[in-house]
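Colleague: Structure below; questions to follow.
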Amino acid sequence: MMQRILLDEHWLFHQGEIPVEEASTKSPMYIEAKTERKRTGPAAREYLDGSEYYSTSGLISHETWRNVTLPHDYIISQRPCQENNDTLGYFRYENAWYRRHFTPEIAWAGKRLTLYFEGVAVHSTIYVNGCRMLHNHCGYNSFAVDVSDVVDFGRDNVIAVHIDTHEHEGWWYEGAGIYRHVWLEVAEEIRLDRYGVFVHPEKGVQDTWRIPVDTSVRNDGETARTVLVQSRILDASGACVASGEDILSVPAGETATLRQCFSLESPRLWDPETPYLYAAHTLLTQDGVAVDEDTNRFGFRTIRFDAQEGFFLNERRVEIQGVCCHQDYGLTGKAVPERVQRYRLQLMKEMGANGYRTAHYPHHPYTMDVLDELGFLVLDETRWFESTPDGMAQLEMLVKRDRNHPSVVLWSVGNEEPMHKTDAGRRIAKTMMAAVRRWDGTRPVTTAVSHDPLHCDVLESVDVIGVNYNLTDWDAIHEKYPHKPFVITECCATGTTRGWYYSDAPSRGYINGYDHDTNNSFRSRENTWKAILDRPYIAGGYQWAGIEHRGETVWPRLCSQSGAVDLYLNRKDAFYENQAHWTQKPMAHLLPHWNWTGREGEPILVYCYSNCDRLRLLLNGVPIGEQALQHCDHGQWLVPFAPGRLEVEGYRDGRLVCRDVQETTGRPVRLQLRLESEGVRADGTDVAILSCECLDAQGRVVPDASPVVSFMTNELGCVAATGSDICDHTPVTSTVRRMRAGIISVLVRAGKQPGLLQVYAQAEGLPIARLEIPIE
């Protein structure tokens, strides 16, 4: 049976290049022109790779190698500097090396050993025992390296990974390092191919479903093999609801595919409200001995994009209320803990989003699993719009890896490509889309067009028209292609800063927090969503962006401001505006805060985002005014400031159904720590997501508090990162942080010892706050 061994621990890391002197004679040139290419330097097997390591011969390494645990992004801990590239986050990108020692068991001889890298940024070269195994040209794809032929069993072996950051792949923060998991897979010569099980249910007559299961088996042996393929369909409780077994013969050195078909009456359907998941368990046996197994989750659902009526899921029209998201996190860069990945998506779901675009590359495998579990409609995108061997291999990885996910409803082969307008771009798109259809014929394909989409010939080839922005061209594009479905692949991109209600302040990096049109392309959330709803032929839209991301910015700000959630995962006013547009439960959200002491009598612009049909505003119990709302409207008043209680009441059909309040608070008298995610594990990798706020004497959160706060823990964990102000250039790893707009985000890493993890927050003039977190 295959073993999957996680190799995240015990890596040695060196930041910066390590010069290797070029030989001046034939002998070293000759010997390094052989299979073991590297006999010197950090890729070599025999190399002093510890800062305090010395050999028995007395040789000492003067290089700085330190122990790290994956996932690891070595860029994020820097202090941003203005002289560095703005769109890459103002960080200095430099090359680096990783090394890891491992000892394959003697019992593994005759098996196939594969290193599986889930993600390495930016470009990487993999060596094992000095032998160059692979050069990977993309920082966003997963890749496998078969090392069976070069390892020595029962003795020390060395993996060396060189990181090259000189060629960038995006106009956003890219990070650098081995930022996802690494696995060692030990398998038999006959085994399931990678991403080798494809489950694609088909709805039959009435409520009978046909379940084709395609199983690809790989034979790396020297003779043909015959295996028994046993497949079981399991419901969410693990009960078997269908099963079967068949014989498959696989020629030597080849891959063969078996199709098995099952049927099921009235399965539970997957949809955004009830994302029910089944699983296909596959077992391979040879001569009665199990050799490999795998479990792949899937769901029963139908999808249909209609040129006139939009998107249908299970034959019910569903408006795609989507967000585009990059994968980085403000506190950890590209190395995002799984708990944070889930929390990000939970925030999007709470906001009312039902769609997610993997902008602009394959996202983490764990993110894809959570998207299934939470019920998102995913636009899944490859990084490179290229029909080159590399581009096609990356596209194949994306499609085969993600095709079992019921959340994926649409593939995208590109984003904002100038070549979309050219005949070469049309040919590239046709080649890529034809390949996607070979690997998965169950979903349509698009590409996200932004450059003059009305005159882009590439739209003739896509299954679904995908347009970024260009609102004024939507109707003309639909008239030109009346028989093609239409989705807005990217929209809005209007920037707002959390808690900033003054005019835009470019020198300070802040943008006013009220929804507004930025320009003719970047329209407000309100105007964009109204435009989408006014056009039934549009399937919905993916808003830029769900979450702020580093890069695409101007100094002194460190990130884009288009997100509805800020860089450190705090809800912005835009979060509640989306909630007003996308949810049914009565809600109202008032902005701004009401701490304007010193501006008495001065008119303050007040907004209310609500899904009610009428709003009533009161100040200190005195009515200010009422406003009737249509869907997606907002309430708006100019209110002379007076300290006290600003309150809005929301009504539906004349009945009071919700309210929101902003109060003038007192000064901060204590700190409060709040845990945002329960169930922290004592495994050395899990994290606790915390928020730190200031409270006044009445226990109210002070929204404009700005103390400098120090954070610490007991021995059961450590403070990994802190953040608050998107213009604060203090490295995220600092345990001391100035609060902006009333909140600091704190990430605490748990150790490996169970118990009560104590977290402390301390600020001058305020008592120490303590939070106890059980870790198990």
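Identifiers for the structure tokens are assigned positionally: chains receive A, B, ... in sequence, residues are indexed from 1 per chain, and ligands are indexed from 1 in the order shown.
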Do a neighbour search on Tyr356 of chain A at 6 Å with only C-alpha atoms, toss out local chain neighbours closer than 5 positions, and write the hits as an NGL selection string.

Modeller: :A and (322-324 or 378)

Colleague: Show me, as a ChimeraX atom specification, the residues that have an atom within 8 Å of segment 17-34 of chain A when counting only C-alpha atoms, minus same-chain residues fewer than 2 positions from it.

Modeller: /A:15,36-42,94-97

Colleague: For atom CA of Asp725 of chain A and atom CA of Ala545 of chain A, quote the distance in Å rounded to one decimal.

Modeller: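 Pair atom CA of Asp725 of chain A / atom CA of Ala545 of chain A returns 18.7 Å.
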
Colleague: Rounded to one decimal, what separation in Å do you get between atom CA of Val229 of chain A and atom CA of Glu188 of chain A?

Modeller: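 Rounded to one decimal, the two atoms are 15.1 Å apart.
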
Colleague: One number please: atom CA of His181 of chain A to atom CA of Val413 of chain A, in Å, one decimal.

Modeller: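 Spanning atom CA of His181 of chain A to atom CA of Val413 of chain A is a straight-line distance of 25.4 Å.
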
Colleague: With 8 Å as the cut-off and only C-alpha atoms counted, what is the closest atom pair between each nearby residue of segment 495-556 of chain A and segment 623-639 of chain A? Distances in Å to one decimal, ordered by chain and number, as a Markdown table.

Modeller:
```
| residue | atom | partner | partner_atom | distance |
| --- | --- | --- | --- | --- |
| A:Glu526 | CA | A:Cys632 | CA | 5.9 |
| A:Trp529 | CA | A:Cys632 | CA | 7.4 |
| A:Lys530 | CA | A:Cys632 | CA | 6.6 |
```

Colleague: Could those selected residues go to a file with C-alpha atoms, as a CSV table (one decimal), in the first residue's frame?

Modeller:
```
chain,number,residue,atom,x,y,z
A,526,GLU,CA,-24.0,49.1,-5.4
A,529,TRP,CA,-24.6,44.7,-8.6
A,530,LYS,CA,-27.6,46.7,-9.8
```

Colleague: Mind checking which residues fall within 12 Å of Tyr576 of chain A, counting only C-alpha atoms, ignoring those fewer than 2 positions away in the same chain, and posting them as number ranges by chain?

Modeller: A: 347-348, 350-353, 498, 514-515, 525-526, 564-565, 570-574, 578-583, 586-591, 607-611, 632, 634, 660

Colleague: Write the selection just made, keeping N, CA, C and O atoms, as a compact mmCIF listing (two decimals), in the first residue's frame?

Modeller:
```txt
# COMPACT_ATOMS: atom_id res chain seq x y z
N LEU A 347 -15.64 33.58 6.38
CA LEU A 347 -15.98 35.00 6.31
C LEU A 347 -16.72 35.33 5.01
O LEU A 347 -17.71 36.07 5.01
N MET A 348 -16.24 34.80 3.90
CA MET A 348 -16.90 35.05 2.63
C MET A 348 -18.33 34.50 2.63
O MET A 348 -19.26 35.13 2.11
N GLU A 350 -20.23 34.04 5.33
CA GLU A 350 -21.00 34.90 6.23
C GLU A 350 -21.42 36.19 5.51
O GLU A 350 -22.50 36.74 5.75
N MET A 351 -20.58 36.67 4.62
CA MET A 351 -20.85 37.89 3.87
C MET A 351 -21.96 37.69 2.85
O MET A 351 -22.52 38.66 2.33
N GLY A 352 -22.28 36.44 2.53
CA GLY A 352 -23.31 36.16 1.55
C GLY A 352 -22.80 35.66 0.22
O GLY A 352 -23.59 35.37 -0.69
N ALA A 353 -21.47 35.56 0.07
CA ALA A 353 -20.92 35.07 -1.19
C ALA A 353 -21.25 33.60 -1.38
O ALA A 353 -21.20 32.81 -0.43
N ARG A 498 -10.57 50.39 5.81
CA ARG A 498 -11.34 50.09 7.02
C ARG A 498 -11.20 51.24 8.03
O ARG A 498 -10.10 51.65 8.40
N TYR A 514 -16.59 54.98 2.32
CA TYR A 514 -17.93 54.92 1.74
C TYR A 514 -17.86 54.32 0.33
O TYR A 514 -16.94 54.63 -0.43
N ASP A 515 -18.83 53.50 -0.02
CA ASP A 515 -18.87 52.92 -1.36
C ASP A 515 -18.95 54.04 -2.40
O ASP A 515 -19.72 55.00 -2.24
N ARG A 525 -19.79 48.92 -5.55
CA ARG A 525 -20.48 47.65 -5.38
C ARG A 525 -21.97 47.80 -5.68
O ARG A 525 -22.58 46.94 -6.32
N GLU A 526 -22.54 48.89 -5.22
CA GLU A 526 -23.96 49.12 -5.44
C GLU A 526 -24.29 49.22 -6.92
O GLU A 526 -25.19 48.53 -7.42
N ALA A 564 -13.41 43.37 0.51
CA ALA A 564 -14.49 43.59 1.48
C ALA A 564 -14.04 43.22 2.88
O ALA A 564 -14.66 43.62 3.87
N VAL A 565 -12.97 42.45 2.98
CA VAL A 565 -12.30 42.11 4.24
C VAL A 565 -10.87 42.61 4.13
O VAL A 565 -10.26 42.53 3.06
N ASN A 570 -10.12 41.46 8.93
CA ASN A 570 -11.13 42.19 9.66
C ASN A 570 -12.21 42.67 8.69
O ASN A 570 -11.91 43.12 7.58
N ARG A 571 -13.46 42.58 9.12
CA ARG A 571 -14.58 42.98 8.27
C ARG A 571 -14.56 44.50 8.05
O ARG A 571 -14.48 45.26 8.99
N LYS A 572 -14.66 44.89 6.79
CA LYS A 572 -14.79 46.29 6.44
C LYS A 572 -16.27 46.64 6.26
O LYS A 572 -17.14 45.75 6.24
N ASP A 573 -16.58 47.91 6.09
CA ASP A 573 -17.97 48.29 5.81
C ASP A 573 -18.47 47.62 4.53
O ASP A 573 -19.65 47.28 4.43
N ALA A 574 -17.58 47.41 3.57
CA ALA A 574 -17.97 46.75 2.32
C ALA A 574 -18.46 45.33 2.56
O ALA A 574 -19.28 44.82 1.79
N ASN A 578 -22.03 44.06 1.02
CA ASN A 578 -22.29 42.83 0.28
C ASN A 578 -23.36 41.99 0.97
O ASN A 578 -24.22 41.38 0.32
N GLN A 579 -23.32 41.96 2.29
CA GLN A 579 -24.32 41.22 3.03
C GLN A 579 -25.72 41.77 2.74
O GLN A 579 -26.69 41.01 2.59
N ALA A 580 -25.83 43.08 2.65
CA ALA A 580 -27.12 43.70 2.31
C ALA A 580 -27.58 43.31 0.92
O ALA A 580 -28.78 43.13 0.67
N HIS A 581 -26.65 43.15 0.00
CA HIS A 581 -27.00 42.79 -1.37
C HIS A 581 -27.28 41.31 -1.53
O HIS A 581 -28.07 40.91 -2.39
N TRP A 582 -26.62 40.48 -0.72
CA TRP A 582 -26.57 39.04 -1.01
C TRP A 582 -27.30 38.15 -0.01
O TRP A 582 -27.34 36.93 -0.21
N THR A 583 -27.80 38.69 1.07
CA THR A 583 -28.45 37.84 2.07
C THR A 583 -29.89 38.30 2.29
O THR A 583 -30.26 39.43 1.99
N PRO A 586 -32.85 39.92 7.74
CA PRO A 586 -32.85 41.37 7.90
C PRO A 586 -31.58 41.87 8.58
O PRO A 586 -31.16 41.32 9.61
N MET A 587 -30.98 42.89 8.02
CA MET A 587 -29.76 43.47 8.59
C MET A 587 -29.65 44.94 8.22
O MET A 587 -30.22 45.41 7.22
N ALA A 588 -28.93 45.67 9.06
CA ALA A 588 -28.61 47.07 8.79
C ALA A 588 -27.23 47.35 9.37
O ALA A 588 -26.89 46.84 10.45
N HIS A 589 -26.45 48.12 8.66
CA HIS A 589 -25.10 48.46 9.11
C HIS A 589 -24.88 49.95 8.93
O HIS A 589 -24.93 50.47 7.81
N LEU A 590 -24.63 50.65 10.03
CA LEU A 590 -24.39 52.09 10.03
C LEU A 590 -22.90 52.40 9.92
O LEU A 590 -22.08 51.74 10.55
N LEU A 591 -22.57 53.40 9.16
CA LEU A 591 -21.24 53.95 9.15
C LEU A 591 -21.35 55.46 8.98
O LEU A 591 -22.32 55.93 8.37
N TYR A 607 -24.02 56.68 6.20
CA TYR A 607 -24.56 55.66 5.29
C TYR A 607 -25.17 54.54 6.14
O TYR A 607 -24.74 54.28 7.27
N CYS A 608 -26.14 53.87 5.55
CA CYS A 608 -26.62 52.61 6.10
C CYS A 608 -26.79 51.60 4.98
O CYS A 608 -27.49 51.87 4.00
N TYR A 609 -26.11 50.46 5.10
CA TYR A 609 -26.28 49.35 4.17
C TYR A 609 -27.31 48.40 4.76
O TYR A 609 -27.16 47.95 5.91
N SER A 610 -28.36 48.10 4.02
CA SER A 610 -29.45 47.30 4.57
C SER A 610 -30.20 46.59 3.45
O SER A 610 -30.23 47.06 2.30
N ASN A 611 -30.80 45.45 3.79
CA ASN A 611 -31.68 44.75 2.86
C ASN A 611 -33.15 44.94 3.23
O ASN A 611 -34.01 44.16 2.81
N CYS A 632 -30.57 46.89 -3.17
CA CYS A 632 -29.20 47.37 -3.42
C CYS A 632 -29.04 48.86 -3.16
O CYS A 632 -27.92 49.39 -3.29
N HIS A 634 -28.76 52.20 -0.69
CA HIS A 634 -28.27 52.44 0.66
C HIS A 634 -28.95 53.69 1.22
O HIS A 634 -29.37 54.58 0.45
N ASP A 660 -29.29 48.92 14.01
CA ASP A 660 -27.86 49.00 14.26
C ASP A 660 -27.60 50.31 14.97
O ASP A 660 -28.34 51.30 14.80
```

Colleague: Name the residues in contact with His101 of chain A at a cut-off of 10 Å, using only C-alpha atoms, excluding same-chain residues fewer than 4 positions from it; report them as a ChimeraX atom specification.

Modeller: /A:10-12,45,128-129,155-160

Colleague: Using only C-alpha atoms, find the one residue out of A:Thr103, A:Gln672, A:Ser560, A:Gln584 that sits nearest to Gly89 of chain A.

Modeller: A:Ser560

Colleague: So which bits of segment 393-442 of chain A end up alpha helix (DSSP H) when you DSSP the backbone, as a PyMOL selection string?

Modeller: chain A and resi 393-402+423-439

Colleague: Identify which of the residues A:Trp209, A:Tyr542, A:Tyr502, A:Phe262 lies closest to Pro592 of chain A, counting only C-alpha atoms when measuring atom-to-atom distances.

Modeller: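 Closest residue, counting only C-alpha atoms: A:Tyr502.
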